[in-house]
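Have a look at the structure below, then the notes.
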Amino acid sequence: MQQQLITFFGELAKSMHMSGANAHDLERHIRLLGRHFGVDAHCYALPTMLTITLESPDQGQQSRLLRLPAYDYNMSRLIALKDMLRKLDRIDQLPDAILRLEAIMAAPLPWKPWVMVLSGFVLSGAIALLLGGALPEMAAAGLNGIIFILALLYLGARPGLVPIMPVLLCAIAAIGAYLISVLIPLTSPFVVILASIVLLLPGFTITIAMIELATGNLLAGTGRLSGASILMLLMGAGVAIGTGIGTEWIPYRTLSSLNKLPDWTIWPAIALLGGTLMIFLQAPLRSLHIMMGACLLAFAVASSIGAVFGPVAGAFTAAFSVALAGQLFQRFSGEPGILVQIPGLITLVPGSVGFKGLHALMEQDNLAGISTITTMATTGAALVIGTLLANSMALSRFARGAKSEIDEEPA
């Protein structure tokens with residue numbers, strides 16, 4: 001029985017990792033499930049490695065070491081896994097749990113690749129608006145976003161290209177921006193490039209890494225943060241290569257200035273951001289209004305508080321509001337709070353700010369680069385503190401006993 005149990009725990013932890021669970025969340029769920037099954041379960045999760053140890057008085061200790069594959073965010077799968085965990089409280093449920101886990105992992109993705117390609121147009125166009133672009137930048141970014149998603153799907157299906165994929169994708173995006181500018185004159189090709197590659201920016205990964213560091217998962221947080229930093233450098237190299245080719249070999253056209261769109265257009269762009277995140281995070285369709293609302297809440301709080309007290313205070317308050325809203329949503333609806341927390345935090349993460357800083361450093365503008373990266377770090381720290389504070393408050397307020405511990409601990 002213990003051999004079957006540790007195999008199940010290992011596959012469950014691996015499935016949660018592949019679906020986007022952070023180390024703190026994963027280890028907590030394994031530990032609590034072990035209590036329900038009458039064993040001491042210890043899980044030690046790193047971005048590339050997982051150790052599971054089970055202890056029981058009658059069968060002693062047994063451990064298993066797993067090499068973890070690359071992870072991606074699949075909210076539909078993560079929701080199903082957490083729903084399964086909520087219903088597991090007895091060891092005799094193990095055979096059914098094994099079958100259900102296999103069914104969850106075998107289920108097809110809720111959104112097809114062609115939907116993701118079309119969503120790339122909407123996502124990149126909306127991001128271009130948020131970055132201060134006018135209609136030409138929005139149109140060019142949308143077209144370039146389609147090219148970027150097509151290249152992402154093509155290269156992602158070829159394992160041999162994975163190590164250099166960020167360089168290739170960002171070079172393609174940069175060259176595509178300059179090619180499109182031949183047809184659509186732009187005021188800022190860099191806005192189009194940044195809007196096109198925003199899906200690859202590791203801003204949310206950096207935030208998760210900082211949360212892991214703050215919760216004592218030092219190796220997991222350090223590993224994830226190192227991976228995000230390397231990814232950012234590879235992306236910067238790709239943009240530099242593509243920009244060099246574009247400026248030297250493509251007869252692109254630029255305009256001196258254009259009138260920006262009215263301020264109210266930012267709000268539909270934020271709502272569209274939530275809708276496209278639902279697709280790229282593989283969330284269920286029923287979560288559309290929830291994810292849009294989460295993005296709008298995050299932006300509304302960050303912009304209103306930030307205008308009075310500064311961007312760091314705005315980021316802290318917005319992260320606190322989003323995390324608390326996720327806990328309230330989970331408490332009163334029974335749906336996972338990640339439907340609110342993840343899109344809200346993605347709206348706030350300073351990934352594009354960090355990339356601008358890296359780009360400035362590569363352009364030898366050291367003062368602007370260091371200043372921008374410092375802003376990214378302080379903003380990221382504010383997001384982490386706000387999220388952890390809200391989750392801790394919700395835990396102390398909503399905890400209702402050991403049996404519901406999996407539901408009520410902060411995600």
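Every chain in the structure tokens takes a letter, A first, then B, and so on in the order presented; its residues are numbered from 1, and the ligands are numbered from 1 following the presented order.
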- Which polymer residues have any atom within 6 Å of an atom of stretch 39-48 of chain A, counting only C-alpha atoms, with same-chain residues fewer than 6 positions away left out, as a ChimeraX atom specification? /A:23,27,31,54-56,68,220
Keeping N, CA and C atoms for every residue in the selection just given, could you write it to a file as a PDB file, in the first residue's frame?
```pdb
ATOM      1  N   ALA A  23       6.061  26.301  -5.206  1.00  0.00           N
ATOM      2  CA  ALA A  23       6.603  25.315  -4.274  1.00  0.00           C
ATOM      3  C   ALA A  23       5.872  25.330  -2.938  1.00  0.00           C
ATOM      4  N   GLU A  27       3.887  21.975  -1.659  1.00  0.00           N
ATOM      5  CA  GLU A  27       4.328  21.285  -0.444  1.00  0.00           C
ATOM      6  C   GLU A  27       3.222  21.265   0.609  1.00  0.00           C
ATOM      7  N   ARG A  31       1.460  17.887   2.226  1.00  0.00           N
ATOM      8  CA  ARG A  31       1.521  17.670   3.678  1.00  0.00           C
ATOM      9  C   ARG A  31       0.125  17.457   4.274  1.00  0.00           C
ATOM     10  N   LEU A  54       7.346   9.608   2.748  1.00  0.00           N
ATOM     11  CA  LEU A  54       6.191   9.192   3.544  1.00  0.00           C
ATOM     12  C   LEU A  54       6.679   8.411   4.755  1.00  0.00           C
ATOM     13  N   GLU A  55       6.088   8.700   5.908  1.00  0.00           N
ATOM     14  CA  GLU A  55       6.415   7.989   7.139  1.00  0.00           C
ATOM     15  C   GLU A  55       5.136   7.511   7.812  1.00  0.00           C
ATOM     16  N   SER A  56       5.140   6.262   8.254  1.00  0.00           N
ATOM     17  CA  SER A  56       4.015   5.718   9.011  1.00  0.00           C
ATOM     18  C   SER A  56       4.561   4.764  10.065  1.00  0.00           C
ATOM     19  N   LEU A  68      11.635  16.874 -12.568  1.00  0.00           N
ATOM     20  CA  LEU A  68      10.427  17.547 -13.021  1.00  0.00           C
ATOM     21  C   LEU A  68      10.616  18.135 -14.415  1.00  0.00           C
ATOM     22  N   ALA A 220      13.972  26.836  -4.004  1.00  0.00           N
ATOM     23  CA  ALA A 220      12.976  26.950  -5.072  1.00  0.00           C
ATOM     24  C   ALA A 220      12.889  28.387  -5.569  1.00  0.00           C
TER      25      ALA A 220
END
```
- Task: Once DSSP has gone over the backbone, tell me which residues of stretch 126-324 of chain A are in alpha helix (DSSP H), as an NGL selection string.
- Result: :A and (126-130 or 135-156 or 165-183 or 189-197 or 203-214 or 218-249 or 266-280 or 288-309 or 311-324)
- Message: List as a VMD selection string the protein and nucleic acid residues near stretch 63-65 of chain A, meaning an atom at most 8 Å away when only C-alpha atoms are counted, but skip any in the same chain fewer than 6 places from it.
- Response: chain A and resid 6 10 49 to 54
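Distance annotation: of A:Asn22, A:Ser15, A:Asn217, A:Gln59, the residue with the minimal separation from A:Gln2 is A:Gln59; atom set is only C-alpha atoms.
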Counting only C-alpha atoms, which residues of stretch 147-198 of chain A sit at most 10 Å from some atom of stretch 234-241 of chain A, and what is each one's closest atom pair with its distance in Å to one decimal, listed by chain and rising residue number, as a Markdown table?
```
| residue | atom | partner | partner_atom | distance |
| --- | --- | --- | --- | --- |
| A:Pro163 | CA | A:Leu234 | CA | 9.5 |
| A:Ile164 | CA | A:Leu234 | CA | 7.8 |
| A:Met165 | CA | A:Leu234 | CA | 8.8 |
| A:Pro166 | CA | A:Met235 | CA | 5.4 |
| A:Val167 | CA | A:Gly238 | CA | 4.0 |
| A:Leu168 | CA | A:Gly238 | CA | 6.2 |
| A:Leu169 | CA | A:Gly238 | CA | 7.2 |
| A:Cys170 | CA | A:Gly238 | CA | 4.7 |
| A:Ala171 | CA | A:Gly238 | CA | 4.4 |
| A:Ile172 | CA | A:Gly238 | CA | 8.0 |
| A:Ala173 | CA | A:Val239 | CA | 7.6 |
| A:Ala174 | CA | A:Val239 | CA | 5.7 |
| A:Ile175 | CA | A:Val239 | CA | 8.5 |
| A:Phe190 | CA | A:Val239 | CA | 9.3 |
| A:Ile193 | CA | A:Val239 | CA | 7.9 |
| A:Leu194 | CA | A:Val239 | CA | 9.1 |
| A:Ile197 | CA | A:Met235 | CA | 8.7 |
```
- Item | Nearest to A:Pro343, chosen from A:Thr372, A:Ser257, A:Thr379, A:Thr276, with only C-alpha atoms counted in the distances | A:Thr276
- Message: I want to know what sits within 12 Å of A:Leu183, based on only C-alpha atoms, with residues of the same chain fewer than 6 positions away left out; could you give that as a list in words?
- Response: Pro136, Glu137, Ala139, Ala140, Leu143, Gly176, Ala177, Ile250, Pro251, Tyr252, Arg253 and Thr254 of chain A
- Point-to-point distance from atom CA of A:Ile104 to atom CA of A:Leu152, Å rounded to tenths: 25.0 Å
- Task: Please provide as a ChimeraX atom specification all residues within 12 Å of A:Gln282, with the sequence filter that same-chain residues fewer than 4 positions apart are discarded (counting only C-alpha atoms).
- Result: /A:19-20,72-79,108-113,115-116,275-278,286-288,291,339,343
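When DSSP reads the backbone of this structure, the residues of stretch 20-179 of chain A it assigns to strand (DSSP E) are Asp40, Ala41, His42, Cys43, Tyr44, Ala45, Met49, Leu50, Thr51, Ile52, Thr53, Leu54, Glu55, Ser56, Gly60, Gln61, Gln62, Ser63, Arg64, Leu65, Leu66 and Arg67 of chain A.
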- Query: If you count only C-alpha atoms, which residues fall within 12 Å of A:Leu118, apart from same-chain ones fewer than 2 positions away, as an NGL selection string?
  - Reply: :A and (111-116 or 120-125 or 142-150 or 276 or 279-280)
All residues 7 Å or closer to A:Leu383, only C-alpha atoms, same chain fewer than 3 positions away omitted, as an mmCIF file with N, CA and C atoms, in the first residue's frame:
```cif
data_model
loop_
_atom_site.group_PDB
_atom_site.id
_atom_site.type_symbol
_atom_site.label_atom_id
_atom_site.label_comp_id
_atom_site.auth_asym_id
_atom_site.auth_seq_id
_atom_site.Cartn_x
_atom_site.Cartn_y
_atom_site.Cartn_z
ATOM 1 N N ALA A 315 1.099 49.500 -5.857
ATOM 2 C CA ALA A 315 1.297 48.068 -6.092
ATOM 3 C C ALA A 315 0.962 47.254 -4.843
ATOM 4 N N PHE A 316 1.411 47.729 -3.676
ATOM 5 C CA PHE A 316 1.124 47.021 -2.428
ATOM 6 C C PHE A 316 -0.382 46.932 -2.177
ATOM 7 N N ALA A 319 -2.113 44.619 -4.759
ATOM 8 C CA ALA A 319 -1.849 43.208 -4.491
ATOM 9 C C ALA A 319 -2.640 42.725 -3.283
ATOM 10 N N THR A 379 8.816 47.377 -6.626
ATOM 11 C CA THR A 379 7.419 47.092 -6.934
ATOM 12 C C THR A 379 7.103 45.619 -6.717
ATOM 13 N N GLY A 380 8.015 44.739 -7.145
ATOM 14 C CA GLY A 380 7.817 43.306 -6.921
ATOM 15 C C GLY A 380 7.748 42.967 -5.446
ATOM 16 N N GLY A 386 2.048 42.593 -0.044
ATOM 17 C CA GLY A 386 0.595 42.747 -0.067
ATOM 18 C C GLY A 386 -0.126 41.425 -0.204
ATOM 19 N N THR A 387 0.391 40.538 -1.059
ATOM 20 C CA THR A 387 -0.243 39.233 -1.253
ATOM 21 C C THR A 387 -0.158 38.376 0.000
#
```
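Minimum distance to A:Ala195 across A:Ile127, A:Thr207, A:Ala157, A:Arg100 (counting only C-alpha atoms) occurs at A:Ile127.
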- Could you jot down the atom CA of A:Ala298 to atom CA of A:Pro189 separation for me, Å, one decimal place? 27.9 Å
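Atom CA of A:Ser392 is found 19.5 Å from atom CA of A:Gly221.
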